[in-house]
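**Student:** Structure: input_8.cif, mmCIF, C-alpha atoms.
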data_start
loop_
_atom_site.label_atom_id
_atom_site.label_comp_id
_atom_site.auth_asym_id
_atom_site.auth_seq_id
_atom_site.Cartn_x
_atom_site.Cartn_y
_atom_site.Cartn_z
CA MET A 1 -41.99 17.21 -4.30
CA ALA A 2 -39.46 16.43 -6.99
CA GLU A 3 -36.90 15.65 -4.33
CA ARG A 4 -39.31 13.26 -2.63
CA THR A 5 -40.00 11.58 -5.93
CA GLY A 6 -36.30 11.26 -6.61
CA ASN A 7 -35.60 9.80 -3.18
CA GLY A 8 -38.53 7.43 -3.57
CA GLY A 9 -37.23 6.36 -6.96
CA THR A 10 -33.77 5.72 -5.54
CA TRP A 11 -35.18 3.66 -2.69
CA GLN A 12 -37.30 1.66 -5.10
CA ALA A 13 -34.24 1.01 -7.25
CA VAL A 14 -32.39 -0.26 -4.18
CA ARG A 15 -35.28 -2.56 -3.30
CA ASN A 16 -35.48 -3.84 -6.87
CA GLY A 17 -31.74 -4.49 -6.91
CA ALA A 18 -31.97 -6.37 -3.61
CA ARG A 19 -34.81 -8.51 -4.99
CA HIS A 20 -32.73 -9.26 -8.08
CA ILE A 21 -29.78 -10.38 -5.96
CA ASP A 22 -32.07 -12.48 -3.78
CA ALA A 23 -33.69 -14.17 -6.77
CA ALA A 24 -30.32 -14.81 -8.48
CA THR A 25 -28.76 -16.49 -5.44
CA PRO A 26 -28.82 -20.30 -5.56
CA GLY A 27 -31.16 -21.84 -3.02
CA THR A 28 -28.39 -24.18 -1.85
CA ARG A 29 -26.14 -21.34 -0.74
CA ASP A 30 -25.58 -21.05 3.01
CA ARG A 31 -26.17 -17.33 3.46
CA ALA A 32 -25.02 -17.48 7.09
CA VAL A 33 -21.46 -18.00 5.81
CA ASP A 34 -21.64 -14.75 3.83
CA ALA A 35 -23.19 -12.93 6.78
CA LEU A 36 -20.34 -14.03 9.04
CA ARG A 37 -17.78 -12.93 6.46
CA ALA A 38 -19.43 -9.52 6.13
CA TRP A 39 -19.48 -9.21 9.93
CA ALA A 40 -15.76 -9.98 10.03
CA ILE A 41 -14.95 -7.45 7.30
CA LEU A 42 -16.93 -4.62 8.87
CA GLY A 43 -15.54 -5.43 12.31
CA VAL A 44 -11.95 -5.04 11.11
CA VAL A 45 -12.69 -1.83 9.21
CA LEU A 46 -14.58 -0.12 12.02
CA GLY A 47 -12.08 -1.35 14.59
CA HIS A 48 -9.15 0.16 12.72
CA TRP A 49 -10.96 3.42 12.12
CA LEU A 50 -11.84 3.75 15.79
CA VAL A 51 -8.53 2.77 17.43
CA THR A 52 -6.00 4.09 14.89
CA ALA A 53 -5.13 7.76 15.24
CA LEU A 54 -2.66 9.69 13.07
CA VAL A 55 -1.56 12.59 15.22
CA ALA A 56 -0.08 15.69 13.60
CA HIS A 57 3.16 16.73 15.32
CA ASP A 58 6.14 18.80 14.14
CA GLY A 59 5.01 18.73 10.53
CA GLY A 60 4.59 14.95 10.45
CA LEU A 61 2.20 12.20 11.48
CA HIS A 62 2.66 9.46 14.04
CA THR A 63 0.34 6.69 15.17
CA ALA A 64 -1.45 6.60 18.49
CA SER A 65 -4.34 4.67 19.99
CA PRO A 66 -7.12 5.73 22.35
CA LEU A 67 -6.43 2.50 24.22
CA GLN A 68 -3.13 3.98 25.43
CA ARG A 69 -4.78 6.74 27.45
CA MET A 70 -8.17 5.09 27.97
CA PRO A 71 -7.62 1.39 28.72
CA TRP A 72 -11.26 1.13 29.84
CA LEU A 73 -12.09 1.13 26.13
CA ALA A 74 -10.71 -2.41 25.81
CA PRO A 75 -14.23 -3.87 25.28
CA ILE A 76 -14.33 -2.03 21.94
CA SER A 77 -11.57 -4.33 20.78
CA TRP A 78 -13.66 -7.34 21.80
CA ALA A 79 -16.43 -6.23 19.46
CA PHE A 80 -14.26 -5.36 16.46
CA GLN A 81 -11.40 -7.87 16.59
CA THR A 82 -13.03 -10.39 14.25
CA LEU A 83 -10.04 -12.08 12.60
CA ALA A 84 -10.96 -15.49 14.03
CA LEU A 85 -14.19 -15.33 12.02
CA PHE A 86 -12.17 -14.85 8.82
CA PHE A 87 -10.26 -18.04 9.48
CA LEU A 88 -13.32 -19.98 10.65
CA VAL A 89 -15.19 -19.13 7.44
CA GLY A 90 -12.02 -19.54 5.38
CA GLY A 91 -11.38 -23.06 6.66
CA HIS A 92 -15.02 -24.02 6.10
CA VAL A 93 -15.17 -22.64 2.56
CA ALA A 94 -11.74 -23.95 1.54
CA THR A 95 -12.42 -27.52 2.63
CA ARG A 96 -15.79 -27.53 0.88
CA SER A 97 -14.19 -26.05 -2.21
CA LEU A 98 -11.40 -28.64 -2.28
CA ALA A 99 -13.87 -31.52 -1.95
CA SER A 100 -16.00 -30.04 -4.75
CA ALA A 101 -12.96 -29.54 -6.98
CA ARG A 102 -11.81 -33.11 -6.50
CA ALA A 103 -15.31 -34.37 -7.33
CA ARG A 104 -15.11 -32.45 -10.61
CA GLY A 105 -11.71 -33.94 -11.43
CA MET A 106 -9.75 -30.73 -10.78
CA SER A 107 -6.18 -31.13 -9.58
CA TYR A 108 -4.88 -29.58 -6.36
CA GLY A 109 -2.61 -27.26 -8.36
CA GLN A 110 -5.50 -25.95 -10.46
CA TRP A 111 -7.64 -25.47 -7.38
CA LEU A 112 -4.93 -23.60 -5.47
CA ARG A 113 -4.00 -21.41 -8.44
CA ALA A 114 -7.63 -20.36 -8.91
CA ARG A 115 -7.98 -19.47 -5.25
CA LEU A 116 -4.72 -17.58 -4.86
CA THR A 117 -5.11 -15.61 -8.10
CA ARG A 118 -7.94 -13.63 -6.60
CA LEU A 119 -5.76 -12.78 -3.65
CA VAL A 120 -2.75 -11.72 -5.72
CA ARG A 121 -4.37 -9.32 -8.22
CA PRO A 122 -5.66 -6.68 -5.77
CA VAL A 123 -2.55 -7.02 -3.60
CA LEU A 124 -0.27 -6.19 -6.51
CA VAL A 125 -2.30 -3.06 -7.20
CA LEU A 126 -2.01 -1.96 -3.56
CA LEU A 127 1.74 -2.60 -3.54
CA GLY A 128 2.24 -0.74 -6.80
CA LEU A 129 0.28 2.33 -5.76
CA TRP A 130 1.90 2.64 -2.33
CA SER A 131 5.39 2.04 -3.72
CA ALA A 132 4.82 4.97 -6.05
CA ALA A 133 3.16 7.05 -3.33
CA GLY A 134 5.95 6.41 -0.83
CA ALA A 135 8.64 7.33 -3.36
CA GLY A 136 6.71 10.44 -4.34
CA LEU A 137 6.33 11.58 -0.75
CA LEU A 138 10.04 11.15 -0.08
CA LEU A 139 10.97 13.03 -3.25
CA THR A 140 8.70 15.93 -2.29
CA GLY A 141 10.37 16.27 1.11
CA ALA A 142 7.93 14.46 3.39
CA PRO A 143 9.52 13.38 6.69
CA PRO A 144 10.78 9.78 6.41
CA ASP A 145 9.11 8.88 9.71
CA THR A 146 5.76 10.02 8.34
CA VAL A 147 6.24 8.07 5.12
CA HIS A 148 7.18 4.99 7.12
CA THR A 149 4.05 5.38 9.27
CA LEU A 150 1.75 5.74 6.27
CA VAL A 151 3.23 2.89 4.24
CA LYS A 152 3.28 0.57 7.26
CA LEU A 153 -0.39 1.23 7.96
CA ALA A 154 -1.38 0.89 4.32
CA LEU A 155 0.34 -2.45 3.95
CA SER A 156 -0.60 -3.80 7.38
CA PRO A 157 -3.51 -5.90 6.00
CA LEU A 158 -1.03 -7.97 3.98
CA TRP A 159 0.21 -10.02 6.96
CA PHE A 160 -3.26 -11.50 7.26
CA LEU A 161 -3.37 -12.43 3.59
CA LEU A 162 0.05 -14.10 3.76
CA VAL A 163 -1.08 -16.30 6.64
CA PHE A 164 -4.40 -16.97 4.93
CA ALA A 165 -2.66 -17.96 1.69
CA ALA A 166 -0.32 -20.32 3.57
CA LEU A 167 -3.21 -22.02 5.36
CA THR A 168 -5.13 -22.25 2.10
CA ALA A 169 -2.17 -23.96 0.44
CA GLY A 170 -2.01 -26.40 3.34
CA THR A 171 -5.72 -27.23 3.28
CA PRO A 172 -5.24 -30.87 2.17
CA LEU A 173 -2.90 -31.42 5.14
CA VAL A 174 -4.86 -29.58 7.82
CA ALA A 175 -8.40 -30.49 6.72
CA ARG A 176 -8.59 -33.28 9.31
CA LEU A 177 -6.30 -31.76 11.92
CA HIS A 178 -7.99 -31.47 15.30
CA PRO A 179 -8.02 -27.85 16.61
CA LEU A 180 -6.53 -29.02 19.92
CA TRP A 181 -3.17 -29.70 18.24
CA PRO A 182 -2.42 -26.11 17.14
CA LEU A 183 -4.00 -24.88 20.39
CA ALA A 184 -1.48 -27.01 22.30
CA VAL A 185 1.35 -25.42 20.31
CA VAL A 186 0.14 -21.92 21.26
CA LEU A 187 -0.12 -22.96 24.91
CA HIS A 188 3.44 -24.33 25.00
CA VAL A 189 4.88 -21.31 23.20
CA ASP A 190 3.25 -18.93 25.70
CA VAL A 191 4.38 -21.01 28.67
CA LEU A 192 7.95 -20.75 27.39
CA ARG A 193 7.65 -17.02 26.59
CA PHE A 194 5.73 -15.69 29.58
CA GLY A 195 5.82 -18.44 32.19
CA LEU A 196 9.40 -19.68 32.03
CA HIS A 197 10.91 -16.74 30.11
CA LEU A 198 12.82 -19.18 27.94
CA GLY A 199 13.39 -19.53 24.24
CA PRO A 200 14.59 -17.09 21.58
CA HIS A 201 12.77 -13.86 20.76
CA TRP A 202 11.37 -15.23 17.52
CA LEU A 203 9.64 -18.15 19.25
CA GLY A 204 6.43 -16.18 19.64
CA TRP A 205 6.04 -15.95 15.89
CA VAL A 206 5.33 -19.68 15.79
CA ASN A 207 1.89 -18.60 17.02
CA LEU A 208 1.29 -16.59 13.87
CA ALA A 209 0.60 -19.86 12.07
CA ALA A 210 -0.51 -22.02 15.01
CA GLY A 211 -2.84 -19.40 16.48
CA TRP A 212 -4.85 -18.82 13.32
CA LEU A 213 -4.73 -22.50 12.45
CA VAL A 214 -7.07 -23.08 15.39
CA PRO A 215 -10.15 -21.33 13.89
CA TYR A 216 -9.16 -22.53 10.40
CA THR A 217 -9.32 -26.16 11.56
CA LEU A 218 -12.59 -25.37 13.31
CA GLY A 219 -13.89 -24.32 9.90
CA ALA A 220 -12.81 -27.69 8.52
CA ALA A 221 -14.60 -29.41 11.41
CA TRP A 222 -17.70 -27.39 10.50
CA THR A 223 -17.49 -28.81 6.97
CA ARG A 224 -17.27 -32.34 8.37
CA GLY A 225 -20.45 -31.75 10.37
CA GLU A 226 -18.72 -31.94 13.74
CA LEU A 227 -19.99 -28.51 14.85
CA ASP A 228 -23.62 -28.81 13.79
CA THR A 229 -25.03 -29.11 17.31
CA ARG A 230 -25.74 -26.14 19.54
CA ARG A 231 -23.75 -27.92 22.25
CA ALA A 232 -20.59 -27.44 20.17
CA GLY A 233 -21.24 -23.71 19.88
CA TRP A 234 -21.96 -23.31 23.59
CA THR A 235 -18.85 -25.31 24.51
CA LEU A 236 -16.62 -23.08 22.41
CA LEU A 237 -18.28 -19.90 23.67
CA THR A 238 -18.23 -20.71 27.38
CA CYS A 239 -14.82 -22.40 27.52
CA GLY A 240 -13.23 -19.76 25.31
CA ALA A 241 -14.70 -16.87 27.30
CA ALA A 242 -13.79 -18.42 30.65
CA ALA A 243 -10.22 -19.13 29.54
CA THR A 244 -9.79 -15.61 28.19
CA ALA A 245 -11.13 -14.04 31.38
CA ALA A 246 -8.77 -16.17 33.48
CA LEU A 247 -5.76 -15.32 31.33
CA VAL A 248 -6.49 -11.59 31.55
CA ALA A 249 -7.40 -11.53 35.27
CA LEU A 250 -4.89 -14.05 36.60
CA ALA A 251 -2.05 -14.40 34.11
CA GLY A 252 -1.52 -10.76 33.21
CA TYR A 253 -2.49 -10.86 29.54
CA PRO A 254 -3.67 -7.52 28.08
CA ALA A 255 -7.41 -6.96 28.10
CA ALA A 256 -7.30 -5.34 24.66
CA MET A 257 -7.49 -7.86 21.83
CA VAL A 258 -5.64 -5.53 19.46
CA GLY A 259 -2.15 -4.10 19.55
CA VAL A 260 -1.62 -0.97 21.63
CA PRO A 261 1.41 1.22 20.77
CA GLY A 262 3.95 1.17 23.56
CA ALA A 263 2.47 -1.84 25.35
CA ALA A 264 4.93 -4.48 26.57
CA VAL A 265 2.78 -7.33 25.24
CA SER A 266 0.39 -7.38 22.29
CA ASN A 267 -2.30 -10.02 21.95
CA LEU A 268 -1.99 -9.92 18.17
CA ASN A 269 1.64 -9.25 17.37
CA PRO A 270 2.19 -12.22 17.51
CA PRO A 271 -1.06 -13.90 18.65
CA THR A 272 -1.11 -14.97 22.27
CA LEU A 273 -3.04 -17.74 23.97
CA ALA A 274 -5.56 -15.11 25.13
CA ALA A 275 -6.20 -14.02 21.53
CA VAL A 276 -6.73 -17.64 20.51
CA THR A 277 -9.12 -18.46 23.36
CA PHE A 278 -10.99 -15.23 22.62
CA GLY A 279 -11.25 -16.42 19.02
CA LEU A 280 -12.70 -19.73 20.23
CA ALA A 281 -15.43 -17.85 22.09
CA GLN A 282 -16.09 -15.72 19.03
CA CYS A 283 -16.35 -18.80 16.79
CA GLY A 284 -18.74 -20.41 19.27
CA LEU A 285 -20.98 -17.35 19.19
CA ALA A 286 -20.90 -17.33 15.39
CA LEU A 287 -21.92 -20.99 15.26
CA LEU A 288 -24.80 -20.36 17.66
CA LEU A 289 -26.05 -17.50 15.46
CA ARG A 290 -26.08 -19.48 12.21
CA ASP A 291 -29.79 -20.28 12.18
CA ARG A 292 -30.77 -16.71 13.07
CA LEU A 293 -28.50 -15.38 10.37
CA ARG A 294 -30.02 -17.73 7.80
CA ARG A 295 -33.49 -16.49 8.69
CA ALA A 296 -32.40 -12.86 8.60
CA MET A 297 -30.75 -13.32 5.22
CA ARG A 298 -34.10 -14.28 3.72
CA ARG A 299 -34.92 -10.57 3.72
CA PRO A 300 -33.88 -9.26 0.30
CA LEU A 301 -32.56 -5.92 1.59
CA LEU A 302 -30.36 -7.50 4.25
CA TRP A 303 -29.11 -10.19 1.90
CA GLY A 304 -28.44 -7.61 -0.82
CA ALA A 305 -26.29 -5.57 1.56
CA VAL A 306 -24.36 -8.64 2.69
CA ALA A 307 -23.85 -9.79 -0.91
CA VAL A 308 -22.49 -6.38 -1.94
CA VAL A 309 -20.03 -6.35 0.98
CA ASN A 310 -18.88 -9.87 0.13
CA LEU A 311 -18.56 -9.07 -3.55
CA SER A 312 -15.85 -6.50 -2.85
CA ALA A 313 -14.60 -7.70 0.53
CA MET A 314 -10.97 -7.87 -0.58
CA THR A 315 -11.11 -4.34 -1.93
CA VAL A 316 -12.68 -3.02 1.27
CA PHE A 317 -10.18 -4.92 3.42
CA LEU A 318 -7.10 -3.78 1.50
CA TRP A 319 -8.05 -0.13 1.04
CA HIS A 320 -9.78 0.85 4.29
CA GLN A 321 -6.52 2.00 5.88
CA THR A 322 -5.72 4.01 2.76
CA ALA A 323 -9.10 5.74 3.09
CA LEU A 324 -8.24 6.69 6.67
CA MET A 325 -4.82 8.03 5.71
CA ALA A 326 -6.00 9.84 2.59
CA THR A 327 -8.61 11.69 4.62
CA THR A 328 -6.09 12.56 7.33
CA ALA A 329 -3.42 13.77 4.90
CA ALA A 330 -5.82 15.73 2.67
CA ALA A 331 -7.21 17.63 5.65
CA LEU A 332 -3.80 18.38 7.16
CA PRO A 333 -3.46 21.85 5.55
CA ALA A 334 -6.67 22.89 7.33
CA GLY A 335 -4.84 22.57 10.63
CA PRO A 336 -5.18 19.99 13.40
CA LEU A 337 -8.80 18.87 13.21
CA PRO A 338 -10.42 17.34 16.30
CA GLY A 339 -10.80 13.58 16.08
CA LEU A 340 -8.62 13.41 12.99
CA HIS A 341 -5.21 14.94 13.76
CA THR A 342 -5.47 15.35 17.53
CA ALA A 343 -4.22 12.99 20.22
CA PRO A 344 -6.80 10.42 21.41
CA ASP A 345 -6.52 11.39 25.05
CA GLY A 346 -10.11 11.63 26.28
CA PRO A 347 -13.77 10.76 25.72
CA ALA A 348 -14.26 13.88 23.60
CA TRP A 349 -11.92 12.41 20.99
CA ILE A 350 -14.16 9.36 20.66
CA ALA A 351 -17.20 11.52 19.89
CA GLU A 352 -15.14 13.53 17.41
CA ARG A 353 -13.79 10.40 15.71
CA LEU A 354 -17.32 9.03 15.26
CA LEU A 355 -18.15 12.10 13.21
CA TRP A 356 -15.31 11.26 10.81
CA LEU A 357 -16.47 7.69 10.12
CA PRO A 358 -18.90 8.71 7.33
CA VAL A 359 -16.05 10.63 5.66
CA PHE A 360 -13.77 7.59 5.82
CA ALA A 361 -16.60 5.51 4.37
CA LEU A 362 -17.06 7.96 1.51
CA VAL A 363 -13.34 7.90 0.65
CA LEU A 364 -13.39 4.10 0.86
CA ALA A 365 -16.31 4.10 -1.56
CA VAL A 366 -14.12 6.06 -4.01
CA CYS A 367 -11.36 3.47 -3.58
CA TRP A 368 -13.93 0.73 -4.08
CA GLY A 369 -15.06 2.29 -7.35
CA ALA A 370 -11.48 2.64 -8.56
CA PHE A 371 -10.09 -0.78 -7.61
CA ARG A 372 -12.90 -3.32 -7.29
CA SER A 373 -12.48 -4.51 -10.90
CA TYR A 374 -9.06 -5.95 -9.98
CA GLU A 375 -10.71 -8.15 -7.36
CA GLN A 376 -13.39 -9.30 -9.79
CA GLY A 377 -11.07 -10.09 -12.67
CA GLY A 378 -10.98 -6.74 -14.43
CA GLY A 379 -11.94 -5.69 -17.91
CA ARG A 380 -14.29 -7.66 -20.10
CA ARG A 381 -14.19 -10.69 -17.88
CA SER A 382 -15.55 -8.70 -14.97
CA ARG A 383 -18.22 -6.98 -17.05
CA ALA A 384 -19.34 -10.27 -18.54
CA ARG A 385 -20.08 -11.57 -15.06
CA ARG A 386 -22.31 -8.70 -14.04
CA GLY A 387 -25.94 -9.42 -13.54
CA ARG A 388 -25.51 -13.08 -12.68
CA VAL A 389 -24.43 -15.18 -9.74
CA VAL A 390 -21.56 -17.64 -9.89
CA ARG A 391 -21.83 -20.60 -7.57
CA VAL A 392 -18.82 -20.01 -5.39
CA HIS A 393 -19.98 -21.36 -2.05
CA GLY A 394 -17.22 -23.75 -1.30
CA GLY A 395 -15.23 -22.14 -4.10
CA GLY A 396 -14.47 -18.70 -2.69
CA ALA A 397 -10.75 -18.35 -2.42
CA ASP A 398 -10.40 -15.66 0.12
CA ALA A 399 -12.05 -13.53 2.71
CA GLY A 400 -13.93 -11.82 -0.06
CA ALA A 401 -15.27 -14.84 -1.87
CA ALA A 402 -18.92 -14.10 -2.48
CA PRO A 403 -21.69 -14.23 -5.00
CA ARG A 404 -20.64 -12.24 -8.04
CA VAL A 405 -23.60 -9.99 -8.47
CA GLY A 406 -23.50 -7.03 -10.85
#
Would it be possible to restate this file's structure as structure tokens?

**Tutor:**
Amino acid sequence: MAERTGNGGTWQAVRNGARHIDAATPGTRDRAVDALRAWAILGVVLGHWLVTALVAHDGGLHTASPLQRMPWLAPISWAFQTLALFFLVGGHVATRSLASARARGMSYGQWLRARLTRLVRPVLVLLGLWSAAGAGLLLTGAPPDTVHTLVKLALSPLWFLLVFAALTAGTPLVARLHPLWPLAVVLHVDVLRFGLHLGPHWLGWVNLAAGWLVPYTLGAAWTRGELDTRRAGWTLLTCGAAATAALVALAGYPAAMVGVPGAAVSNLNPPTLAAVTFGLAQCGLALLLRDRLRRAMRRPLLWGAVAVVNLSAMTVFLWHQTALMATTAAALPAGPLPGLHTAPDGPAWIAERLLWLPVFALVLAVCWGAFRSYEQGGGRRSRARRGRVVRVHGGGADAGAAPRVG
């Protein structure tokens, strides 16, 4: 009976907290934006946890992917490759933020510094910890290949932040750029790379900026009101999906929208035309779901969950790979554990990996508790902000910009 009372009390506390968050959120806030950002964050986290395997072999760890042995799992990557949503929301929020800052008399330099500061703080913490961890592992005799694998995975989220920071800095220049221009760049680069087999090896990396500039400029078009009709969403969804299907079926692009170790071509490293057209379809779907998301976010419990994810989105994004690796390394002395240290070579591995997801989430929660203050400003400044909401819609600097709710 006491346990039931305790559980009931906990649930009531959760409901009360959700109501508090709901009541503290400004009525002018577009909650669909936060819902899309939370969707993008969780998609990346779950995608990495499901398709990244650290296989124990000869006393070390090496990366593998279930997509290598089971290519029929490619649709999983369609569900969890949500980077285009980051850039769609990022372009929308940044352009609104810049317009609001200018209306308040804030200079571009002040605006950019405020936005990038929230990116830099948690990144420096991640770099510092993994620099120390990598050195410590080498000094204690860990195989260099294993250390390289771990550090590479831990720091892999940083490429996204570098591109995001560059696009953020260029917001005044790209705010009115039509998405067809960067899309045309991606098309020409891929024609040279895959169609004509011309150009230097580094040419593909032009798409790292051009490819993600497409959804970013779509976000700016959203701000301008050019994507408010359902026709715009359906156009992006149908044209993007049809183009992606044609590129995969007829032009030989990989079906997986994530990198697969050992594959000759990766759709993400650097982005290909197929990844960009897939992102267009994804953005179209997101735009079509806006009204439903706004209605759903009127429910205090749902909105409270979304707000909490957004509040610490940068922390979750930066540390989710560390949670995976910490779990894998800590359990290594127990021997090769199914779904954790074993090769992803069959359907059984998928079922076994699903059982590990709650453990990864628990370790990530520990990382969240340890490092979230760096995302929120740290120290007294962070504590002073608890219990209230700051109006950041249009002012969130990064993928984690969200209502600051204590």

**Student:** Calculate how many Å separate CA of Thr327 (chain A) from CA of His341 (chain A), rounding to one decimal.

**Tutor:**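 So the answer is 10.3 Å.
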
**Student:** What is the CA of Thr322 (chain A)-CA of Tyr374 (chain A) distance in Å, reported with one decimal?

**Tutor:** 16.5 Å

**Student:** What is the distance between CA of Ala94 (chain A) and CA of Phe164 (chain A), in Å to one decimal?

**Tutor:**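 Calculated distance between CA of Ala94 (chain A) and CA of Phe164 (chain A) is 10.7 Å.
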
**Student:** So that I can see what lies close to Ala264 (chain A), please list as a list in words the residues with an atom at most 12 Å from it, counting all atoms listed in the file and leaving out residues fewer than 3 positions away in the same chain.

**Tutor:**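 Using all atoms listed in the file, the neighbours found are Gln68, Phe194, Gly252, Tyr253, Pro254, Gly259, Val260, Pro261, Asn267 and Asn269 of chain A.
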
**Student:** Using all atoms listed in the file, which of A:Leu355, A:Leu112, A:Val265, A:Met325 sits nearest Pro338 (chain A)?

**Tutor:** A:Leu355

**Student:** Between A:Val147, A:Ala232, A:Leu126, A:Val214, which is the closest to Ala184 (chain A) once you count all atoms listed in the file?

**Tutor:** A:Val214

**Student:** Any idea what's packed within 9 Å of Thr217 (chain A), counting all atoms listed in the file, ignoring anything in its chain fewer than 4 positions away? Could you give it as a VMD selection string?

**Tutor:** chain A and resid 87 to 88 91 to 92 174 to 179 182 212 to 213 221 to 222

**Student:** Neighbours of Pro270 (chain A) within 7 Å (only C-alpha atoms; same-chain residues fewer than 4 positions away dropped), as a list in words?

**Tutor:** Gly204, Trp205, Asn207 and Leu208 of chain A

**Student:** If the PyMOL selection byres ((chain A and resi 323) around 9) were run on this exact file, what residues would it hold? Put them as a list of chain:residue names.

**Tutor:** A:Trp319, A:His320, A:Gln321, A:Thr322, A:Leu324, A:Met325, A:Ala326, A:Thr327, A:Thr328, A:Val359, A:Phe360, A:Ala361, A:Leu362, A:Val363, A:Leu364, A:Ala365, A:Val366, A:Cys367

**Student:** Name the residues in contact with Thr168 (chain A) at a cut-off of 12 Å, using all atoms listed in the file, excluding same-chain residues fewer than 2 positions from it; report them as a PDB file with C-alpha atoms, in the frame of the given file.

**Tutor:**
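Once written, selection_33.pdb looks like this:
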ATOM      1  CA  PHE A  87     -10.260 -18.040   9.480  1.00  0.00           C
ATOM      2  CA  VAL A  89     -15.190 -19.130   7.440  1.00  0.00           C
ATOM      3  CA  GLY A  90     -12.020 -19.540   5.380  1.00  0.00           C
ATOM      4  CA  GLY A  91     -11.380 -23.060   6.660  1.00  0.00           C
ATOM      5  CA  HIS A  92     -15.020 -24.020   6.100  1.00  0.00           C
ATOM      6  CA  VAL A  93     -15.170 -22.640   2.560  1.00  0.00           C
ATOM      7  CA  ALA A  94     -11.740 -23.950   1.540  1.00  0.00           C
ATOM      8  CA  THR A  95     -12.420 -27.520   2.630  1.00  0.00           C
ATOM      9  CA  ARG A  96     -15.790 -27.530   0.880  1.00  0.00           C
ATOM     10  CA  SER A  97     -14.190 -26.050  -2.210  1.00  0.00           C
ATOM     11  CA  LEU A  98     -11.400 -28.640  -2.280  1.00  0.00           C
ATOM     12  CA  TYR A 108      -4.880 -29.580  -6.360  1.00  0.00           C
ATOM     13  CA  GLY A 109      -2.610 -27.260  -8.360  1.00  0.00           C
ATOM     14  CA  TRP A 111      -7.640 -25.470  -7.380  1.00  0.00           C
ATOM     15  CA  LEU A 112      -4.930 -23.600  -5.470  1.00  0.00           C
ATOM     16  CA  ARG A 113      -4.000 -21.410  -8.440  1.00  0.00           C
ATOM     17  CA  ALA A 114      -7.630 -20.360  -8.910  1.00  0.00           C
ATOM     18  CA  ARG A 115      -7.980 -19.470  -5.250  1.00  0.00           C
ATOM     19  CA  LEU A 116      -4.720 -17.580  -4.860  1.00  0.00           C
ATOM     20  CA  LEU A 119      -5.760 -12.780  -3.650  1.00  0.00           C
ATOM     21  CA  LEU A 161      -3.370 -12.430   3.590  1.00  0.00           C
ATOM     22  CA  LEU A 162       0.050 -14.100   3.760  1.00  0.00           C
ATOM     23  CA  VAL A 163      -1.080 -16.300   6.640  1.00  0.00           C
ATOM     24  CA  PHE A 164      -4.400 -16.970   4.930  1.00  0.00           C
ATOM     25  CA  ALA A 165      -2.660 -17.960   1.690  1.00  0.00           C
ATOM     26  CA  ALA A 166      -0.320 -20.320   3.570  1.00  0.00           C
ATOM     27  CA  GLY A 170      -2.010 -26.400   3.340  1.00  0.00           C
ATOM     28  CA  THR A 171      -5.720 -27.230   3.280  1.00  0.00           C
ATOM     29  CA  PRO A 172      -5.240 -30.870   2.170  1.00  0.00           C
ATOM     30  CA  LEU A 173      -2.900 -31.420   5.140  1.00  0.00           C
ATOM     31  CA  VAL A 174      -4.860 -29.580   7.820  1.00  0.00           C
ATOM     32  CA  ALA A 175      -8.400 -30.490   6.720  1.00  0.00           C
ATOM     33  CA  ALA A 209       0.600 -19.860  12.070  1.00  0.00           C
ATOM     34  CA  TRP A 212      -4.850 -18.820  13.320  1.00  0.00           C
ATOM     35  CA  LEU A 213      -4.730 -22.500  12.450  1.00  0.00           C
ATOM     36  CA  TYR A 216      -9.160 -22.530  10.400  1.00  0.00           C
ATOM     37  CA  THR A 217      -9.320 -26.160  11.560  1.00  0.00           C
ATOM     38  CA  GLY A 219     -13.890 -24.320   9.900  1.00  0.00           C
ATOM     39  CA  ALA A 220     -12.810 -27.690   8.520  1.00  0.00           C
ATOM     40  CA  GLY A 395     -15.230 -22.140  -4.100  1.00  0.00           C
ATOM     41  CA  GLY A 396     -14.470 -18.700  -2.690  1.00  0.00           C
ATOM     42  CA  ALA A 397     -10.750 -18.350  -2.420  1.00  0.00           C
ATOM     43  CA  ASP A 398     -10.400 -15.660   0.120  1.00  0.00           C
ATOM     44  CA  ALA A 399     -12.050 -13.530   2.710  1.00  0.00           C
TER      45      ALA A 399
END

**Student:** A:Ala243, A:Leu73, A:Ala331, A:Ile41: which is nearest Gly346 (chain A), counting only C-alpha atoms?

**Tutor:** A:Leu73

**Student:** Do a neighbour search on His62 (chain A) at 9 Å with only C-alpha atoms, toss out local chain neighbours closer than 2 positions, and write the hits as a PyMOL selection string.

**Tutor:** chain A and resi 53-57+60+64+145-146+149-150

**Student:** Kindly assemble as JSON lines a list of the region 317-385 of chain A residues that lie within 8 Å of region 308-312 of chain A, each paired with its nearest atom pair and their distance in Å to one decimal, using all atoms listed in the file, sorted first by chain and then by ascending residue number.

**Tutor:**
{"residue": "A:Trp368", "atom": "CA", "partner": "A:Ser312", "partner_atom": "CA", "distance": 7.6}
{"residue": "A:Arg372", "atom": "CA", "partner": "A:Ser312", "partner_atom": "CA", "distance": 6.2}
{"residue": "A:Glu375", "atom": "CA", "partner": "A:Ser312", "partner_atom": "CA", "distance": 7.0}
{"residue": "A:Gln376", "atom": "CA", "partner": "A:Ser312", "partner_atom": "CA", "distance": 7.9}

**Student:** Enclose all atoms of region 126-142 of chain A listed in the file in an axis-aligned box, grow every side by 8 Å, and hand back centre and edge lengths in Å to one decimal, as AutoDock Vina command-line options.

**Tutor:**
--center_x 4.5 --center_y 6.8 --center_z -1.7 --size_x 29.0 --size_y 34.9 --size_z 26.2

**Student:** Between A:Arg298, A:Arg29, A:His48, A:Arg353, single out the one closest to Leu340 (chain A), counting all atoms listed in the file.

**Tutor:**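 The answer is A:Arg353, which sits nearest to Leu340 (chain A).
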